[in-house]
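Chemist: Before I ask anything, let me first share the structure, which is written out below as structure tokens.
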Amino acid sequence: MNASPAVQVRNALYPVSEAQKKGMFEAGPSGPIVMVNLLKFRDRAVYEDGRPCDLTGREAYALYGAEVGPMITAFGGKVLFVGDVTWLAIGEVDRLWDEVALAQYPDRAALTAMSTSAEWRAISVHRAAGLEGQLNIETVLPAWLRTRQGG
């Protein structure tokens with residue numbers, strides 16, 4: 001059995017390439033999207049403004065999470081699932097993510113509008129303080145399932 005080539009993973013806080021930055025403002029797929037968030041927390045929160053802090057990364061991110069949930073709803077979306085990662089059943093990575101979150105938006109434009117709003121920027125300080133990095137993956141229902149569901 002031949003081994004597959006290694007997959008390179010780079011957690012980040014913000015888009016890392018020009019293509020990702022540009023893509024946020026493109027129309028994207030039609031209809032709803034579900035963002036899969038694979039979150040890796042810092043051991044200790046670190047605020048960019050240097051404020052003293054005695055929070056773990058998870059605790060700082062929880063401050064962000066408490067406010068971003070209602071914001072997602074205000075932009076027409078909904079939080080579908082949030083859960084701690086407990087085990088890797090298939091595959092191999094150097095380090096597991098700590099948490100997975102699924103959020104649905106009406107379309108990419110709604111996600112972009114939210115994540116570029118002044119309100120989001122105000123709460124994102126807790127996100128940046130708490131996260132070591134993340135993968136943020138846009139998904140849509142596959143065509144065969146959309147057809148079955150009449151969409």
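By convention in this document, the chains of the structure tokens carry letters A, B, ... by their order, each chain's residues are numbered from 1, and ligands are numbered from 1 in the order they are shown.
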Hey, which bits of range 80-108 of chain A sit within 12 Å of range 63-68 of chain A, and for each residue what's the closest pair of atoms and how far apart in Å (one decimal), counting only C-alpha atoms, rows by chain and increasing number, as a Markdown table?
Modeler:
| residue | atom | partner | partner_atom | distance |
| --- | --- | --- | --- | --- |
| A:Val82 | CA | A:Gly65 | CA | 10.0 |
| A:Glu99 | CA | A:Gly65 | CA | 12.0 |
| A:Ala101 | CA | A:Gly65 | CA | 10.1 |
| A:Ala103 | CA | A:Val68 | CA | 10.5 |
Chemist: Need the shell around Gly83 in chain A: protein/DNA/RNA residues with any atom at most 10 Å away, counting only C-alpha atoms. Skip same-chain ones fewer than 2 positions apart. Format as a list in words?
Modeler: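 Non-adjacent residues within range: Phe81, Val85, Thr86, Asp98, Glu99, Val100, Ala101 and Leu102 of chain A.
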Chemist: May I have the residues from that selection written out with C-alpha atoms, as a CSV table (one decimal), in the first residue's frame?
Modeler:
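Saved result, selection22.csv, follows:
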chain,number,residue,atom,x,y,z
A,81,PHE,CA,-23.1,23.0,16.2
A,85,VAL,CA,-12.7,17.6,19.6
A,86,THR,CA,-12.1,14.4,21.6
A,98,ASP,CA,-9.7,21.8,20.2
A,99,GLU,CA,-13.2,22.6,19.0
A,100,VAL,CA,-15.3,22.4,15.9
A,101,ALA,CA,-18.1,24.9,15.1
A,102,LEU,CA,-20.6,24.9,12.2
Chemist: Can you pull out every residue within 7 Å of range 111-117 of chain A, counting only C-alpha atoms, but drop anything in the same chain fewer than 5 positions away, and send it as a list in words?
Modeler: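 Once the nearby chain positions are removed, what remains is Met24, Phe25, Phe75 and Tyr105 of chain A.
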Chemist: Write out as a list in words the residues lying within 12 Å of range 49-58 of chain A, counting only C-alpha atoms and excluding same-chain residues fewer than 5 positions away.
Modeler: Leu39, Lys40, Phe41, Arg42, Asp43, Arg44, Leu63, Tyr64, Gly65, Asp84, Trp97, Asp98, Glu99, Val125, His126, Arg127, Ala128, Ala129, Gly130, Leu131, Glu132 and Gly133 of chain A
Chemist: From a DSSP calculation on the backbone, collect every residue of chain A in helix (DSSP H, G or I) and output the set as a PyMOL selection string.
Modeler: chain A and resi 18-23+57-74+108-115+118-130+143-148
Chemist: For CA of Ala109 in chain A and CA of Leu141 in chain A, quote the distance in Å rounded to one decimal.
Modeler: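 A separation of 17.4 Å between them.
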Chemist: Just want the 8 Å neighbourhood of Pro29 in chain A, counted on only C-alpha atoms, with same-chain residues fewer than 4 positions away dropped. Output as a PyMOL selection string.
Modeler: chain A and resi 33+107-108+140
Chemist: Taking N, CA and C atoms for each residue, export the selection above as an mmCIF file, in the first residue's frame.
Modeler:
data_model
loop_
_atom_site.group_PDB
_atom_site.id
_atom_site.type_symbol
_atom_site.label_atom_id
_atom_site.label_comp_id
_atom_site.auth_asym_id
_atom_site.auth_seq_id
_atom_site.Cartn_x
_atom_site.Cartn_y
_atom_site.Cartn_z
ATOM 1 N N ILE A 33 -24.472 28.581 2.712
ATOM 2 C CA ILE A 33 -23.169 27.959 2.940
ATOM 3 C C ILE A 33 -23.088 27.579 4.416
ATOM 4 N N ASP A 107 -25.496 33.137 2.453
ATOM 5 C CA ASP A 107 -24.545 33.119 1.331
ATOM 6 C C ASP A 107 -23.228 33.706 1.822
ATOM 7 N N ARG A 108 -22.232 33.671 0.949
ATOM 8 C CA ARG A 108 -20.918 34.201 1.337
ATOM 9 C C ARG A 108 -20.978 35.695 1.633
ATOM 10 N N VAL A 140 -21.037 23.570 0.890
ATOM 11 C CA VAL A 140 -22.426 23.634 0.405
ATOM 12 C C VAL A 140 -22.925 22.199 0.249
#
Chemist: What's the 9 Å shell around Gly76 in chain A, counting only C-alpha atoms, without same-chain residues fewer than 2 positions away, as number ranges by chain?
Modeler: A: 71-74, 78, 104-106, 110
Chemist: Please dump the current selection as a compact mmCIF listing (two decimals), in the first residue's frame; keep N, CA, C and O atoms.
Modeler:
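File written: again.txt
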# COMPACT_ATOMS: atom_id res chain seq x y z
N MET A 71 -24.91 37.64 16.59
CA MET A 71 -24.55 38.41 15.41
C MET A 71 -24.77 37.58 14.14
O MET A 71 -25.26 38.09 13.13
N ILE A 72 -24.41 36.30 14.18
CA ILE A 72 -24.65 35.42 13.04
C ILE A 72 -26.15 35.41 12.71
O ILE A 72 -26.55 35.53 11.55
N THR A 73 -26.98 35.31 13.75
CA THR A 73 -28.43 35.33 13.56
C THR A 73 -28.89 36.65 12.94
O THR A 73 -29.71 36.66 12.02
N ALA A 74 -28.33 37.75 13.39
CA ALA A 74 -28.70 39.07 12.86
C ALA A 74 -28.35 39.21 11.38
O ALA A 74 -29.00 39.96 10.66
N LYS A 78 -27.26 30.98 11.28
CA LYS A 78 -27.50 30.28 12.54
C LYS A 78 -26.31 29.40 12.88
O LYS A 78 -25.61 28.91 12.00
N GLN A 104 -24.14 28.36 9.67
CA GLN A 104 -24.76 28.50 8.36
C GLN A 104 -25.07 29.97 8.09
O GLN A 104 -25.53 30.68 8.99
N TYR A 105 -24.81 30.40 6.87
CA TYR A 105 -25.11 31.76 6.42
C TYR A 105 -25.94 31.67 5.15
O TYR A 105 -25.82 30.70 4.39
N PRO A 106 -26.75 32.68 4.86
CA PRO A 106 -27.56 32.65 3.63
C PRO A 106 -26.69 32.55 2.37
O PRO A 106 -27.08 31.94 1.40
N ALA A 110 -23.27 37.36 3.14
CA ALA A 110 -23.70 37.59 4.53
C ALA A 110 -22.54 37.38 5.49
O ALA A 110 -22.35 38.16 6.43
Chemist: CA of Trp120 in chain A and CA of Gly28 in chain A, how far apart in Å?
Modeler: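 A separation of 21.1 Å between them.
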